[in-house]
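Asks: What follows is the file structure_12.cif, containing mmCIF, C-alpha atoms:
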```cif
data_upload
#
loop_
_atom_site.group_PDB
_atom_site.id
_atom_site.type_symbol
_atom_site.label_atom_id
_atom_site.label_comp_id
_atom_site.auth_asym_id
_atom_site.auth_seq_id
_atom_site.Cartn_x
_atom_site.Cartn_y
_atom_site.Cartn_z
ATOM 1 C CA MET X 1 0.000 0.000 0.000
ATOM 2 C CA LYS X 2 2.849 2.367 0.851
ATOM 3 C CA PHE X 3 4.425 1.578 -2.528
ATOM 4 C CA PHE X 4 1.283 2.661 -4.421
ATOM 5 C CA THR X 5 0.957 5.846 -2.353
ATOM 6 C CA ILE X 6 4.587 6.808 -2.998
ATOM 7 C CA LEU X 7 4.166 5.960 -6.693
ATOM 8 C CA ALA X 8 1.017 8.096 -6.961
ATOM 9 C CA ILE X 9 2.671 11.057 -5.221
ATOM 10 C CA SER X 10 5.751 10.725 -7.454
ATOM 11 C CA ILE X 11 3.614 10.693 -10.602
ATOM 12 C CA PHE X 12 1.662 13.701 -9.334
ATOM 13 C CA PHE X 13 4.820 15.747 -8.676
ATOM 14 C CA PHE X 14 6.391 14.647 -11.965
ATOM 15 C CA SER X 15 3.328 15.774 -13.911
ATOM 16 C CA CYS X 16 3.371 19.147 -12.119
ATOM 17 C CA GLN X 17 7.035 19.582 -13.054
ATOM 18 C CA GLN X 18 6.286 19.020 -16.751
ATOM 19 C CA LYS X 19 3.592 21.709 -16.769
ATOM 20 C CA GLU X 20 5.949 24.198 -15.157
ATOM 21 C CA ASN X 21 8.642 23.424 -17.740
ATOM 22 C CA LYS X 22 6.199 24.089 -20.576
ATOM 23 C CA LYS X 23 5.335 27.474 -19.088
ATOM 24 C CA THR X 24 9.018 28.288 -18.733
ATOM 25 C CA SER X 25 9.730 27.479 -22.371
ATOM 26 C CA VAL X 26 6.948 29.806 -23.502
ATOM 27 C CA SER X 27 8.213 32.636 -21.331
ATOM 28 C CA THR X 28 11.759 31.967 -22.535
ATOM 29 C CA SER X 29 10.724 32.437 -26.152
ATOM 30 C CA ASP X 30 8.875 35.593 -25.146
ATOM 31 C CA SER X 31 12.000 36.877 -23.434
ATOM 32 C CA ILE X 32 14.072 36.102 -26.544
ATOM 33 C CA ILE X 33 11.691 38.186 -28.656
ATOM 34 C CA THR X 34 11.822 40.972 -26.062
ATOM 35 C CA LYS X 35 15.642 40.867 -26.068
ATOM 36 C CA LYS X 36 15.715 41.110 -29.876
ATOM 37 C CA ILE X 37 13.453 44.154 -29.773
ATOM 38 C CA LYS X 38 15.680 45.757 -27.127
ATOM 39 C CA GLU X 39 18.785 44.995 -29.207
ATOM 40 C CA GLU X 40 17.199 46.661 -32.225
ATOM 41 C CA LYS X 41 16.473 49.747 -30.118
ATOM 42 C CA LYS X 42 20.081 49.744 -28.894
ATOM 43 C CA ASP X 43 21.201 50.107 -32.496
ATOM 44 C CA ASP X 44 20.203 53.761 -32.527
ATOM 45 C CA ASN X 45 23.009 56.012 -31.358
ATOM 46 C CA GLN X 46 22.742 55.669 -27.564
ATOM 47 C CA GLN X 47 25.366 55.615 -24.858
ATOM 48 C CA ILE X 48 25.944 52.175 -23.377
ATOM 49 C CA GLY X 49 28.341 52.387 -20.457
ATOM 50 C CA ASP X 50 31.141 54.648 -21.615
ATOM 51 C CA THR X 51 30.670 54.046 -25.359
ATOM 52 C CA ILE X 52 28.414 55.478 -28.050
ATOM 53 C CA PHE X 53 28.196 53.477 -31.272
ATOM 54 C CA LEU X 54 27.186 55.684 -34.203
ATOM 55 C CA LYS X 55 25.217 53.602 -36.687
ATOM 56 C CA LEU X 56 22.164 55.577 -37.800
ATOM 57 C CA LYS X 57 22.090 58.946 -39.551
ATOM 58 C CA ASP X 58 19.241 61.411 -39.184
ATOM 59 C CA GLU X 59 17.367 63.078 -42.046
ATOM 60 C CA LYS X 60 20.156 65.678 -42.438
ATOM 61 C CA GLY X 61 22.816 62.999 -42.879
ATOM 62 C CA LEU X 62 24.301 63.566 -39.401
ATOM 63 C CA PHE X 63 25.086 61.051 -36.709
ATOM 64 C CA VAL X 64 23.422 62.504 -33.601
ATOM 65 C CA ALA X 65 23.695 60.967 -30.145
ATOM 66 C CA ASN X 66 23.039 61.964 -26.550
ATOM 67 C CA GLY X 67 25.574 61.159 -23.892
ATOM 68 C CA SER X 68 26.418 61.837 -20.291
ATOM 69 C CA LEU X 69 29.655 62.434 -18.395
ATOM 70 C CA ASP X 70 29.764 61.588 -14.703
ATOM 71 C CA SER X 71 32.314 60.628 -12.091
ATOM 72 C CA ILE X 72 32.179 56.973 -13.155
ATOM 73 C CA HIS X 73 32.377 57.652 -16.897
ATOM 74 C CA SER X 74 34.728 60.617 -17.109
ATOM 75 C CA ARG X 75 35.524 59.821 -20.749
ATOM 76 C CA ILE X 76 33.086 58.813 -23.435
ATOM 77 C CA TYR X 77 34.193 56.901 -26.527
ATOM 78 C CA VAL X 78 32.267 57.635 -29.720
ATOM 79 C CA LYS X 79 32.884 54.838 -32.232
ATOM 80 C CA PHE X 80 32.006 55.056 -35.910
ATOM 81 C CA LYS X 81 33.042 53.442 -39.162
ATOM 82 C CA ASN X 82 34.469 55.498 -42.009
ATOM 83 C CA GLU X 83 33.891 53.966 -45.434
ATOM 84 C CA ASN X 84 35.532 56.676 -47.572
ATOM 85 C CA ILE X 85 38.387 59.125 -47.399
ATOM 86 C CA SER X 86 36.493 62.202 -46.286
ATOM 87 C CA GLU X 87 36.226 65.305 -44.123
ATOM 88 C CA LEU X 88 34.982 64.744 -40.565
ATOM 89 C CA LYS X 89 33.151 67.521 -38.748
ATOM 90 C CA ALA X 90 31.941 66.995 -35.207
ATOM 91 C CA LYS X 91 30.424 69.185 -32.526
ATOM 92 C CA ILE X 92 29.643 68.784 -28.823
ATOM 93 C CA ILE X 93 26.634 70.645 -27.447
ATOM 94 C CA PRO X 94 26.432 70.595 -23.615
ATOM 95 C CA ALA X 95 22.922 70.586 -22.150
ATOM 96 C CA PRO X 96 23.374 73.774 -20.066
ATOM 97 C CA GLY X 97 24.878 75.592 -23.055
ATOM 98 C CA LYS X 98 28.452 75.960 -21.794
ATOM 99 C CA GLY X 99 30.782 73.568 -20.092
ATOM 100 C CA ASN X 100 34.330 72.340 -19.751
ATOM 101 C CA ILE X 101 33.959 69.549 -22.311
ATOM 102 C CA ARG X 102 35.922 68.815 -25.467
ATOM 103 C CA PHE X 103 37.136 66.225 -27.944
ATOM 104 C CA ASN X 104 40.249 64.964 -26.161
ATOM 105 C CA GLN X 105 41.433 62.680 -28.934
ATOM 106 C CA ILE X 106 40.652 60.903 -32.179
ATOM 107 C CA ILE X 107 42.010 57.383 -32.558
ATOM 108 C CA PHE X 108 42.483 56.168 -36.128
ATOM 109 C CA PRO X 109 42.178 52.553 -37.363
ATOM 110 C CA ASP X 110 45.979 52.101 -37.326
ATOM 111 C CA LYS X 111 45.901 53.019 -33.575
ATOM 112 C CA SER X 112 47.597 56.374 -34.116
ATOM 113 C CA SER X 113 45.893 59.389 -32.555
ATOM 114 C CA ASP X 114 45.568 63.154 -32.740
ATOM 115 C CA GLY X 115 44.310 65.776 -30.319
ATOM 116 C CA PRO X 116 43.308 67.550 -28.176
ATOM 117 C CA PHE X 117 40.616 69.567 -29.882
ATOM 118 C CA GLY X 118 37.879 71.897 -28.664
ATOM 119 C CA MET X 119 34.113 71.497 -28.722
ATOM 120 C CA ASP X 120 34.268 71.582 -32.528
ATOM 121 C CA LEU X 121 36.352 69.198 -34.594
ATOM 122 C CA SER X 122 37.227 69.331 -38.273
ATOM 123 C CA ILE X 123 39.774 66.856 -39.605
ATOM 124 C CA HIS X 124 40.517 65.115 -42.888
ATOM 125 C CA LEU X 125 40.222 61.331 -42.537
ATOM 126 C CA THR X 126 42.709 59.478 -44.722
ATOM 127 C CA GLN X 127 42.038 55.982 -43.409
ATOM 128 C CA LYS X 128 39.095 53.668 -43.836
ATOM 129 C CA GLY X 129 37.861 51.694 -40.857
ATOM 130 C CA ASN X 130 36.722 52.177 -37.274
ATOM 131 C CA HIS X 131 37.523 55.530 -35.692
ATOM 132 C CA ILE X 132 37.085 56.534 -32.044
ATOM 133 C CA LEU X 133 36.433 60.040 -30.720
ATOM 134 C CA VAL X 134 37.290 60.479 -27.030
ATOM 135 C CA ILE X 135 35.151 63.070 -25.237
ATOM 136 C CA GLY X 136 35.959 64.379 -21.774
ATOM 137 C CA HIS X 137 36.640 67.535 -19.815
ATOM 138 C CA SER X 138 39.714 69.647 -20.407
ATOM 139 C CA LEU X 139 42.421 68.802 -17.913
ATOM 140 C CA MET X 140 43.900 72.285 -18.334
ATOM 141 C CA ALA X 141 40.779 74.028 -17.031
ATOM 142 C CA ASP X 142 39.028 74.020 -13.658
ATOM 143 C CA ASN X 143 35.668 72.472 -12.853
ATOM 144 C CA PRO X 144 35.290 69.243 -14.812
ATOM 145 C CA TYR X 145 32.020 68.928 -16.707
ATOM 146 C CA TRP X 146 29.486 66.421 -15.354
ATOM 147 C CA GLY X 147 26.187 66.184 -17.140
ATOM 148 C CA LYS X 148 24.404 65.522 -20.389
ATOM 149 C CA PHE X 149 25.550 66.544 -23.822
ATOM 150 C CA LYS X 150 24.725 65.997 -27.465
ATOM 151 C CA VAL X 151 27.289 65.059 -30.090
ATOM 152 C CA GLU X 152 26.827 65.606 -33.831
ATOM 153 C CA VAL X 153 29.150 63.932 -36.317
ATOM 154 C CA GLU X 154 29.129 64.618 -40.048
ATOM 155 C CA ASN X 155 31.216 62.616 -42.478
ATOM 156 C CA GLN X 156 31.424 64.525 -45.775
ATOM 157 C CA ASN X 157 32.797 62.999 -48.961
#
```
Represent the structure of the file as structure tokens.
Replies:
Amino acid sequence: MKFFTILAISIFFFSCQQKENKKTSVSTSDSIITKKIKEEKKDDNQQIGDTIFLKLKDEKGLFVANGSLDSIHSRIYVKFKNENISELKAKIIPAPGKGNIRFNQIIFPDKSSDGPFGMDLSIHLTQKGNHILVIGHSLMADNPYWGKFKVEVENQN
């Protein structure tokens, strides 16, 4: 009698476990779809950690992204791909209007660099590949900038 009771309880718990697994698999597929949607939204030029990946141009042909400098992320890296030899123009617009913020450096695909620059940057790009703009506050001035800013990058042929 004990054997049949234990067998019945085991079958009952095993059948409950299977139903829970089916529910989990449905929610897992839902979470995969949700993750894909979030990844697609991440593709627009947003700051993730200390990096902004420029992928989408606006209607004017500019890469526009919003970023934020704080004590944790005192430098922001703006990464973009240059397909042609062209003229690069970039501008930083701080949210309050003025601030101690600038383009500290540009890193070229061959790992060479140039800088520092001001809030506006105009440089002739002679290399194709991934470029990195480093944004931060000027170390030669007082009061480091902490806050939001907007960066506009134009790659003219």
Asks: Counting only C-alpha atoms, which residue out of X:Ile107, X:Ile9, X:Ile101, X:Ile123 sits closest to X:Ala141?
Replies: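 Using only C-alpha atoms, the shortest distance to X:Ala141 belongs to X:Ile101.
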Asks: For each of X:Lys89, X:His131, X:Lys81, X:Arg102, take the minimum atom-to-atom distance to X:Leu62, counting only C-alpha atoms, then give the residue where this is smallest.
Replies: X:Lys89
Asks: The PyMOL selection byres ((chain X and resi 71) around 12) - which residues does that actually catch in the file I just gave you? List them as a list in words.
Replies: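 This file gives the following for the PyMOL selection byres ((chain X and resi 71) around 12): Asp50, Ser68, Leu69, Asp70, Ile72, His73, Ser74, Arg75, Ile76, Gly136, His137, Pro144, Tyr145, Trp146 and Gly147 of chain X.
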Asks: With C-alpha atoms retained, write the just-selected residues as a tab-separated table (two decimals), in the coordinates of the input.
Replies:
```tsv
chain	number	residue	atom	x	y	z
X	50	ASP	CA	31.14	54.65	-21.62
X	68	SER	CA	26.42	61.84	-20.29
X	69	LEU	CA	29.66	62.43	-18.40
X	70	ASP	CA	29.76	61.59	-14.70
X	72	ILE	CA	32.18	56.97	-13.16
X	73	HIS	CA	32.38	57.65	-16.90
X	74	SER	CA	34.73	60.62	-17.11
X	75	ARG	CA	35.52	59.82	-20.75
X	76	ILE	CA	33.09	58.81	-23.44
X	136	GLY	CA	35.96	64.38	-21.77
X	137	HIS	CA	36.64	67.54	-19.82
X	144	PRO	CA	35.29	69.24	-14.81
X	145	TYR	CA	32.02	68.93	-16.71
X	146	TRP	CA	29.49	66.42	-15.35
X	147	GLY	CA	26.19	66.18	-17.14
```
Asks: At a cut-off of 7 Å, using only C-alpha atoms, what residues contact X:Gly129? Leave out same-chain residues fewer than 5 positions from it and give the result as a list in words.
Replies: Lys81, Asn82, Glu83 and Pro109 of chain X
Asks: Convert the output of the PyMOL selection byres ((chain X and resi 119) around 8) on the shown file into explicit residues, formatted as a list in words.
Replies: Lys91, Ile92, Ile93, Ile101, Arg102, Phe103, Phe117, Gly118, Asp120 and Leu121 of chain X
